[in-house]
$ cat protein-v8.cif   # mmCIF, C-alpha atoms
data_coords
loop_
_atom_site.label_atom_id
_atom_site.label_comp_id
_atom_site.auth_asym_id
_atom_site.auth_seq_id
_atom_site.Cartn_x
_atom_site.Cartn_y
_atom_site.Cartn_z
CA MET A 218 27.79 6.24 9.08
CA SER A 219 27.10 3.52 11.61
CA ALA A 220 23.86 2.58 13.29
CA PRO A 221 23.28 3.70 16.87
CA GLU A 222 23.93 1.00 19.43
CA HIS A 223 20.61 -0.83 19.63
CA ARG A 224 20.34 -4.59 19.90
CA LEU A 225 18.10 -6.56 17.59
CA PRO A 226 16.78 -9.93 18.77
CA ALA A 227 17.94 -13.21 17.24
CA LYS A 228 14.46 -14.78 17.06
CA LEU A 229 12.84 -14.38 13.65
CA HIS A 230 9.37 -13.82 15.10
CA GLU A 231 10.72 -11.03 17.31
CA LEU A 232 12.50 -9.41 14.35
CA LEU A 233 9.31 -9.56 12.30
CA ASP A 234 7.30 -8.14 15.21
CA ILE A 235 9.69 -5.18 15.38
CA ALA A 236 9.54 -4.70 11.60
CA ILE A 237 5.72 -4.63 11.59
CA ALA A 238 5.62 -2.22 14.54
CA ASP A 239 8.28 0.05 13.05
CA ILE A 240 6.48 0.28 9.68
CA ASP A 241 3.18 0.99 11.46
CA ALA A 242 4.83 3.75 13.52
CA LEU A 243 6.10 5.66 10.47
CA ASP A 244 4.63 9.05 9.62
CA ARG A 245 2.46 8.38 6.57
CA ASP A 246 3.20 11.83 5.18
CA LEU A 247 6.97 11.23 5.21
CA TYR A 248 7.31 7.51 4.41
CA VAL A 249 5.84 5.00 1.97
CA PRO A 250 6.23 1.26 2.53
CA ASP A 251 7.73 -0.28 -0.61
CA TYR A 252 9.01 -3.85 -0.69
CA GLY A 253 11.63 -2.98 -3.34
CA ASN A 254 13.60 -0.36 -1.40
CA TRP A 255 15.60 -0.70 1.80
CA LEU A 256 15.69 3.08 2.25
CA ASN A 257 15.21 5.32 -0.74
CA TRP A 258 14.97 9.06 -0.24
CA SER A 259 13.14 10.98 -2.98
CA PRO A 260 14.06 14.67 -2.59
CA LYS A 261 11.59 15.68 -5.30
CA GLU A 262 8.68 14.09 -3.41
CA GLU A 263 10.22 14.58 0.05
CA ILE A 264 9.27 10.97 0.75
CA CYS A 265 11.35 8.06 1.96
CA TYR A 266 10.44 4.62 0.59
CA VAL A 267 11.13 1.75 3.01
CA CYS A 268 10.88 -2.04 2.96
CA LEU A 269 10.32 -4.14 6.09
CA ALA A 270 13.99 -4.02 7.03
CA GLY A 271 14.17 -0.34 6.10
CA GLY A 272 11.37 0.34 8.55
CA VAL A 273 13.57 -1.14 11.29
CA MET A 274 16.48 0.99 10.13
CA ILE A 275 14.35 4.14 10.43
CA GLY A 276 12.51 3.05 13.58
CA ARG A 277 14.57 0.93 15.93
CA LEU A 278 18.00 1.82 14.52
CA GLU A 279 17.22 5.55 14.09
CA PHE A 280 18.65 6.03 10.60
CA PRO A 281 18.01 9.42 8.97
CA ARG A 282 15.36 9.33 6.26
CA ASP A 283 17.27 11.40 3.70
CA ILE A 284 19.73 8.70 2.61
CA ASP A 285 19.66 5.80 0.18
CA VAL A 286 20.56 2.36 1.49
CA TRP A 287 20.77 -0.59 -0.89
CA SER A 288 22.63 -2.88 1.48
CA PRO A 289 22.74 -2.64 5.26
CA HIS A 290 26.23 -4.19 5.26
CA ASP A 291 27.63 -0.81 4.21
CA TYR A 292 26.20 0.97 7.25
CA MET A 293 26.43 -1.21 10.33
CA GLU A 294 28.10 -4.10 12.08
CA GLU A 295 27.60 -7.48 10.47
CA GLU A 296 25.39 -8.89 13.23
CA HIS A 297 22.76 -6.18 12.65
CA ALA A 298 23.06 -6.35 8.87
CA CYS A 299 22.48 -10.12 8.93
CA LYS A 300 19.35 -9.67 11.03
CA LEU A 301 18.04 -7.13 8.53
CA ASP A 302 18.86 -9.61 5.75
CA ALA A 303 16.75 -12.15 7.66
CA ILE A 304 13.80 -9.74 7.71
CA ASP A 305 14.24 -9.15 4.00
CA SER A 306 14.27 -12.91 3.35
CA LEU A 307 11.10 -13.39 5.36
CA ARG A 308 9.36 -10.93 3.05
CA THR A 309 9.25 -13.65 0.39
CA GLY A 310 8.77 -16.54 2.78
CA ALA A 311 12.38 -17.69 2.30
CA ILE A 312 12.66 -19.19 5.76
CA GLU A 313 15.88 -21.12 5.08
CA THR A 314 17.67 -17.99 3.94
CA ALA A 315 16.36 -16.08 6.96
CA VAL A 316 17.57 -18.83 9.31
CA GLU A 317 20.96 -18.85 7.58
CA SER A 318 21.28 -15.09 8.08
CA ILE A 319 20.86 -15.61 11.82
CA HIS A 320 22.55 -18.99 12.44
CA GLY A 321 25.17 -19.18 9.69
CA GLU A 322 25.69 -21.32 6.62
CA ARG A 323 26.10 -24.58 8.54
CA TRP A 324 22.79 -24.42 10.43
CA ARG A 325 21.43 -27.51 8.64
CA ALA A 326 24.37 -29.63 9.79
CA GLU A 327 24.83 -28.07 13.22
CA LYS A 328 21.27 -27.40 14.40
CA PRO A 329 18.95 -30.35 13.72
CA GLU A 330 16.29 -28.93 16.04
CA ILE A 331 16.00 -25.85 13.82
CA VAL A 332 15.87 -28.03 10.69
CA ALA A 333 12.91 -29.88 12.21
CA ARG A 334 11.12 -26.60 13.03
CA VAL A 335 11.64 -25.29 9.49
CA GLU A 336 10.31 -28.55 8.02
CA THR A 337 7.24 -28.21 10.25
CA LEU A 338 6.67 -24.66 9.00
CA HIS A 339 6.80 -25.88 5.39
CA ARG A 340 4.34 -28.66 6.17
CA ASP A 341 1.89 -26.69 8.31
CA HIS A 342 2.07 -23.25 6.69
CA GLN A 343 2.71 -23.79 2.97
CA ASP A 344 0.79 -20.62 2.14
CA ILE A 345 3.42 -18.60 4.01
CA PHE A 346 6.55 -20.80 3.72
CA PRO A 347 6.25 -22.64 0.41
CA GLY A 348 9.82 -23.93 0.21
CA THR A 349 11.22 -23.54 -3.27
CA ILE A 350 9.22 -20.92 -5.12
CA ASP A 351 8.46 -21.20 -8.81
CA PHE A 352 8.26 -17.47 -9.48
CA GLN A 353 6.87 -18.06 -12.98
CA ASN A 354 3.82 -19.93 -11.68
CA ASP A 355 3.62 -18.63 -8.13
CA THR A 356 -0.02 -18.30 -7.11
CA ARG A 357 0.45 -17.87 -3.36
CA GLU A 358 -0.13 -14.54 -1.73
CA ARG A 359 2.38 -12.51 -3.75
CA ARG A 360 0.20 -9.44 -3.47
CA SER A 361 0.64 -9.76 0.28
CA SER A 362 4.41 -9.88 0.35
CA ASN A 363 4.81 -7.19 -2.32
CA PHE A 364 3.66 -3.84 -0.98
CA GLU A 365 4.14 -0.46 -2.63
CA SER A 366 1.76 1.80 -0.73
CA TRP A 367 0.08 2.29 2.60
CA GLU A 368 -3.08 0.79 1.13
CA SER A 369 -1.37 -2.45 0.10
CA TRP A 370 0.46 -2.57 3.45
CA ASP A 371 -2.75 -2.10 5.44
CA THR A 372 -4.94 -4.34 3.31
CA HIS A 373 -2.70 -7.28 2.47
CA SER A 374 0.83 -7.16 3.78
CA ARG A 375 0.43 -6.41 7.48
CA PRO A 376 -2.06 -9.30 7.98
CA TYR A 377 0.20 -11.62 5.95
CA TYR A 378 3.26 -10.73 8.05
CA GLN A 379 1.27 -11.04 11.27
CA ARG A 380 0.31 -14.60 10.30
CA MET A 381 3.95 -15.27 9.42
CA ARG A 382 5.10 -13.87 12.78
CA ASP A 383 2.58 -16.04 14.63
CA ALA A 384 3.73 -19.17 12.77
CA LEU A 385 7.37 -18.34 13.56
CA ARG A 386 6.50 -17.76 17.22
CA GLU A 387 4.67 -21.11 17.34
CA ALA A 388 7.79 -22.79 15.91
CA ASP A 389 10.00 -20.93 18.39
CA LEU A 390 12.06 -19.39 15.59
#

$ encode --input "protein-v8.cif" --output "structure tokens"
Amino acid sequence: MSAPEHRLPAKLHELLDIAIADIDALDRDLYVPDYGNWLNWSPKEEICYVCLAGGVMIGRLEFPRDIDVWSPHDYMEEEHACKLDAIDSLRTGAIETAVESIHGERWRAEKPEIVARVETLHRDHQDIFPGTIDFQNDTRERRSSNFESWESWDTHSRPYYQRMRDALREADL
């Protein structure tokens, strides 16, 4: 199976904007947002669990809901899969990994302007982009990036990702 021919943007804030919109557009009787599943079809419940990137796969890329996807690299061209990886990295605030997914492994050496923007994000938005995360003692908004229901998406995660999107837009990333 390959994804229909739709282009995804290369700007992280635009990717995140699409991901938020695509999750919000899902039928709440057929889908459940769940940070731990790209696409996970549950025939018993007749529900599809989707993460941020999975929402884009269902929405923008028009994947069927009755499949299981654990890695987008198995289902589409590399350019699209890397952009979905970037969305997945943003879920935890891993901005460097998201930038690498879009710009390649050598972005630090080859794109000093992007390095400066990422450093600014770390400095100005530590609550969203903390840099290295100590997962044992992490007290930032984990409840916001980890969603497992429509309630947690509506209450915590959507506002968190909207703030993240706005910070990325401000940094022109």

$ resolve_selection --input "protein-v8.cif" --expression "the PyMOL selection byres ((chain A and resi 338-343) around 9)" --output "PyMOL selection string"
chain A and resi 312+333-337+344-348+357+381+384-385+388

$ resolve_selection --input "protein-v8.cif" --expression "the PyMOL selection byres ((chain A and resi 264) around 12)" --output "ChimeraX atom specification"
/A:243-251,256-263,265-267,282-285,366

$ closest_residue --input "protein-v8.cif" --among "A:Leu225, A:Ile319, A:Ala236, A:Gly253" --to "A:Glu365" --atoms "only C-alpha atoms"
A:Gly253

$ atom_distance --input "protein-v8.cif" --atom1 "atom CA of A:Val316" --atom2 "atom CA of A:Arg380"
17.8 Å

$ atom_distance --input "protein-v8.cif" --atom1 "atom CA of A:Leu232" --atom2 "atom CA of A:Lys328"
20.0 Å

$ closest_residue --input "protein-v8.cif" --among "A:Leu278, A:Arg323, A:Asn254, A:Tyr377" --to "A:Thr309" --atoms "all atoms listed in the file"
A:Tyr377

$ closest_residue --input "protein-v8.cif" --among "A:Glu317, A:Glu387, A:Glu231, A:Glu330" --to "A:Cys299" --atoms "only C-alpha atoms"
A:Glu317

$ resolve_selection --input "protein-v8.cif" --expression "the PyMOL selection byres ((chain A and resi 234) around 10)" --output "PyMOL selection string"
chain A and resi 228-233+235-239+378-379+381-383+386

$ atom_distance --input "protein-v8.cif" --atom1 "atom CA of A:Asp389" --atom2 "atom CA of A:Met274"
24.3 Å

$ closest_residue --input "protein-v8.cif" --among "A:Asp371, A:Leu269, A:Pro376, A:His223" --to "A:Asp305" --atoms "all atoms listed in the file"
A:Leu269

$ closest_residue --input "protein-v8.cif" --among "A:Val286, A:Val273, A:His373, A:Ala303" --to "A:Ile240" --atoms "only C-alpha atoms"
A:Val273

$ closest_residue --input "protein-v8.cif" --among "A:Lys300, A:Ala227, A:Glu295, A:Ala242" --to "A:Ile275" --atoms "all atoms listed in the file"
A:Ala242
